[in-house]
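Content type TSV, N, CA and C atoms, from the file run.tsv:
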```tsv
chain	number	residue	atom	x	y	z
A	1	MET	N	-191.29	61.42	-15.41
A	1	MET	CA	-190.18	61.72	-16.30
A	1	MET	C	-190.63	62.74	-17.35
A	2	SER	N	-189.78	63.65	-17.68
A	2	SER	CA	-190.10	64.67	-18.66
A	2	SER	C	-190.21	64.05	-20.06
A	3	ASP	N	-190.88	64.75	-20.92
A	3	ASP	CA	-191.06	64.28	-22.29
A	3	ASP	C	-189.76	64.53	-23.07
A	4	CYS	N	-188.94	63.52	-23.22
A	4	CYS	CA	-187.62	63.66	-23.85
A	4	CYS	C	-187.71	64.16	-25.29
A	5	GLU	N	-188.76	63.80	-25.99
A	5	GLU	CA	-188.87	64.22	-27.39
A	5	GLU	C	-189.02	65.73	-27.54
A	6	ARG	N	-189.40	66.44	-26.47
A	6	ARG	CA	-189.55	67.89	-26.51
A	6	ARG	C	-188.37	68.61	-25.87
A	7	CYS	N	-187.31	67.88	-25.54
A	7	CYS	CA	-186.16	68.45	-24.84
A	7	CYS	C	-185.05	68.84	-25.83
A	8	SER	N	-184.38	69.94	-25.54
A	8	SER	CA	-183.28	70.41	-26.40
A	8	SER	C	-182.07	69.47	-26.34
A	9	ASN	N	-181.96	68.68	-25.29
A	9	ASN	CA	-180.83	67.75	-25.15
A	9	ASN	C	-181.04	66.45	-25.93
A	10	TYR	N	-182.21	66.26	-26.50
A	10	TYR	CA	-182.54	65.03	-27.24
A	10	TYR	C	-182.29	65.30	-28.72
A	11	VAL	N	-181.17	64.84	-29.23
A	11	VAL	CA	-180.76	65.19	-30.59
A	11	VAL	C	-180.61	63.94	-31.47
A	12	TYR	N	-180.74	64.17	-32.76
A	12	TYR	CA	-180.64	63.08	-33.73
A	12	TYR	C	-179.19	62.92	-34.18
A	13	ASP	N	-178.71	61.67	-34.18
A	13	ASP	CA	-177.36	61.34	-34.64
A	13	ASP	C	-177.49	60.69	-36.01
A	14	ASP	N	-176.97	61.36	-37.04
A	14	ASP	CA	-177.06	60.85	-38.41
A	14	ASP	C	-176.35	59.51	-38.59
A	15	GLU	N	-175.19	59.36	-37.97
A	15	GLU	CA	-174.42	58.13	-38.13
A	15	GLU	C	-175.13	56.92	-37.53
A	16	ALA	N	-175.72	57.10	-36.35
A	16	ALA	CA	-176.41	55.99	-35.69
A	16	ALA	C	-177.85	55.85	-36.19
A	17	GLY	N	-178.39	56.94	-36.74
A	17	GLY	CA	-179.76	56.89	-37.22
A	17	GLY	C	-180.79	56.83	-36.11
A	18	ALA	N	-180.46	57.44	-34.96
A	18	ALA	CA	-181.36	57.41	-33.81
A	18	ALA	C	-181.19	58.68	-32.98
A	19	TYR	N	-182.13	58.90	-32.07
A	19	TYR	CA	-182.06	60.04	-31.16
A	19	TYR	C	-181.35	59.63	-29.87
A	20	PHE	N	-180.58	60.57	-29.30
A	20	PHE	CA	-179.86	60.34	-28.06
A	20	PHE	C	-179.96	61.56	-27.16
A	21	CYS	N	-179.86	61.33	-25.87
A	21	CYS	CA	-179.85	62.42	-24.90
A	21	CYS	C	-178.41	62.86	-24.69
A	22	GLU	N	-178.16	64.17	-24.87
A	22	GLU	CA	-176.81	64.70	-24.69
A	22	GLU	C	-176.58	65.30	-23.31
A	23	ALA	N	-177.55	65.19	-22.42
A	23	ALA	CA	-177.41	65.72	-21.07
A	23	ALA	C	-176.39	64.90	-20.28
A	24	PRO	N	-175.62	65.56	-19.41
A	24	PRO	CA	-174.59	64.85	-18.64
A	24	PRO	C	-175.18	64.12	-17.43
A	25	ILE	N	-175.98	63.11	-17.67
A	25	ILE	CA	-176.64	62.37	-16.59
A	25	ILE	C	-175.76	61.19	-16.16
A	26	ASP	N	-175.50	61.10	-14.84
A	26	ASP	CA	-174.72	59.97	-14.35
A	26	ASP	C	-175.63	58.75	-14.16
A	27	GLN	N	-175.03	57.61	-13.89
A	27	GLN	CA	-175.79	56.36	-13.83
A	27	GLN	C	-176.81	56.36	-12.70
A	28	ASP	N	-176.47	56.91	-11.54
A	28	ASP	CA	-177.41	56.95	-10.42
A	28	ASP	C	-178.64	57.80	-10.74
A	29	ALA	N	-178.42	58.97	-11.33
A	29	ALA	CA	-179.53	59.83	-11.70
A	29	ALA	C	-180.39	59.17	-12.77
A	30	TRP	N	-179.76	58.46	-13.69
A	30	TRP	CA	-180.50	57.77	-14.76
A	30	TRP	C	-181.40	56.69	-14.16
A	31	GLU	N	-180.91	55.95	-13.17
A	31	GLU	CA	-181.72	54.92	-12.52
A	31	GLU	C	-182.94	55.54	-11.83
A	32	ARG	N	-182.75	56.68	-11.15
A	32	ARG	CA	-183.87	57.36	-10.50
A	32	ARG	C	-184.89	57.82	-11.53
A	33	LEU	N	-184.42	58.31	-12.67
A	33	LEU	CA	-185.34	58.74	-13.73
A	33	LEU	C	-186.14	57.57	-14.28
A	34	LEU	N	-185.48	56.44	-14.49
A	34	LEU	CA	-186.17	55.27	-15.03
A	34	LEU	C	-187.20	54.72	-14.05
A	35	GLN	N	-186.94	54.87	-12.76
A	35	GLN	CA	-187.88	54.39	-11.75
A	35	GLN	C	-189.00	55.39	-11.51
A	36	GLY	N	-188.91	56.56	-12.15
A	36	GLY	CA	-189.96	57.57	-12.04
A	36	GLY	C	-189.95	58.32	-10.73
A	37	LYS	N	-188.83	58.31	-10.02
A	37	LYS	CA	-188.77	58.96	-8.71
A	37	LYS	C	-188.47	60.45	-8.79
A	38	LYS	N	-187.98	60.92	-9.91
A	38	LYS	CA	-187.58	62.32	-9.99
A	38	LYS	C	-187.66	62.81	-11.43
A	39	GLU	N	-187.96	64.10	-11.58
A	39	GLU	CA	-187.95	64.71	-12.91
A	39	GLU	C	-186.51	64.91	-13.36
A	40	CYS	N	-186.31	64.96	-14.65
A	40	CYS	CA	-184.97	65.16	-15.21
A	40	CYS	C	-184.50	66.58	-14.90
A	41	PRO	N	-183.36	66.73	-14.24
A	41	PRO	CA	-182.86	68.08	-13.92
A	41	PRO	C	-182.28	68.80	-15.13
A	42	TYR	N	-182.08	68.09	-16.23
A	42	TYR	CA	-181.48	68.67	-17.42
A	42	TYR	C	-182.49	68.96	-18.52
A	43	TYR	N	-183.78	68.81	-18.21
A	43	TYR	CA	-184.82	69.05	-19.20
A	43	TYR	C	-184.87	70.53	-19.57
A	44	ILE	N	-184.74	70.82	-20.85
A	44	ILE	CA	-184.87	72.18	-21.38
A	44	ILE	C	-185.83	72.07	-22.55
A	45	GLU	N	-186.96	72.75	-22.42
A	45	GLU	CA	-187.96	72.67	-23.49
A	45	GLU	C	-187.39	73.24	-24.78
A	46	ASP	N	-187.60	72.52	-25.86
A	46	ASP	CA	-187.11	72.93	-27.17
A	46	ASP	C	-187.75	74.26	-27.55
A	47	GLY	N	-186.95	75.21	-27.96
A	47	GLY	CA	-187.43	76.56	-28.25
A	47	GLY	C	-188.01	76.74	-29.64
A	48	GLU	N	-188.19	75.68	-30.39
A	48	GLU	CA	-188.70	75.78	-31.76
A	48	GLU	C	-190.06	76.47	-31.81
A	49	TYR	N	-190.96	76.10	-30.92
A	49	TYR	CA	-192.30	76.67	-30.95
A	49	TYR	C	-192.34	78.08	-30.36
A	50	LYS	N	-191.41	78.42	-29.48
A	50	LYS	CA	-191.36	79.77	-28.94
A	50	LYS	C	-191.06	80.77	-30.05
A	51	THR	N	-190.19	80.40	-30.98
A	51	THR	CA	-189.87	81.27	-32.10
A	51	THR	C	-191.08	81.46	-32.99
A	52	VAL	N	-191.82	80.41	-33.25
A	52	VAL	CA	-193.01	80.49	-34.09
A	52	VAL	C	-194.05	81.40	-33.45
A	53	ASN	N	-194.23	81.29	-32.13
A	53	ASN	CA	-195.23	82.13	-31.44
A	53	ASN	C	-194.89	83.61	-31.57
A	54	LYS	N	-193.63	83.96	-31.57
A	54	LYS	CA	-193.24	85.36	-31.72
A	54	LYS	C	-193.52	85.89	-33.11
A	55	GLN	N	-193.55	85.01	-34.09
A	55	GLN	CA	-193.78	85.42	-35.48
A	55	GLN	C	-195.27	85.67	-35.76
A	56	ILE	N	-196.11	85.10	-34.94
A	56	ILE	CA	-197.57	85.21	-35.16
A	56	ILE	C	-198.08	86.57	-34.76
```
Could you write out this structure as structure tokens?
Amino acid sequence: MSDCERCSNYVYDDEAGAYFCEAPIDQDAWERLLQGKKECPYYIEDGEYKTVNKQI
């Protein structure tokens, strides 16, 4: 499974006070991810560090 904390789809919700995945994952795909059978097809690496690298 991909590192969710580094994914652009993993966002913080102020009202709930927690992080949630905003990717449109259906229940079957979620079960496969939890069982470790497949990588997340919606994983997008957070671009925060890419911007910093360009500034250096």
**Message:** Which residues are near stretch 26-31 of chain A? Cut-off 12 Å, only C-alpha atoms, ignore same chain within fewer than 4 positions. Put them as a count of residues only.
**Reply:** 11
**Item:** Long-range neighbours of A:Asn9 as number ranges by chain, 9 Å cut-off, only C-alpha atoms, 2 positions minimum in chain
**Value:** A: 4, 6-7, 11, 20-23, 42-46
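Counting from atom N of A:Glu15, the distance to atom C of A:Arg32 is 28.2 Å.
If you look at atom N of A:Glu5 and atom CA of A:Tyr19, they are 9.3 Å away from each other.
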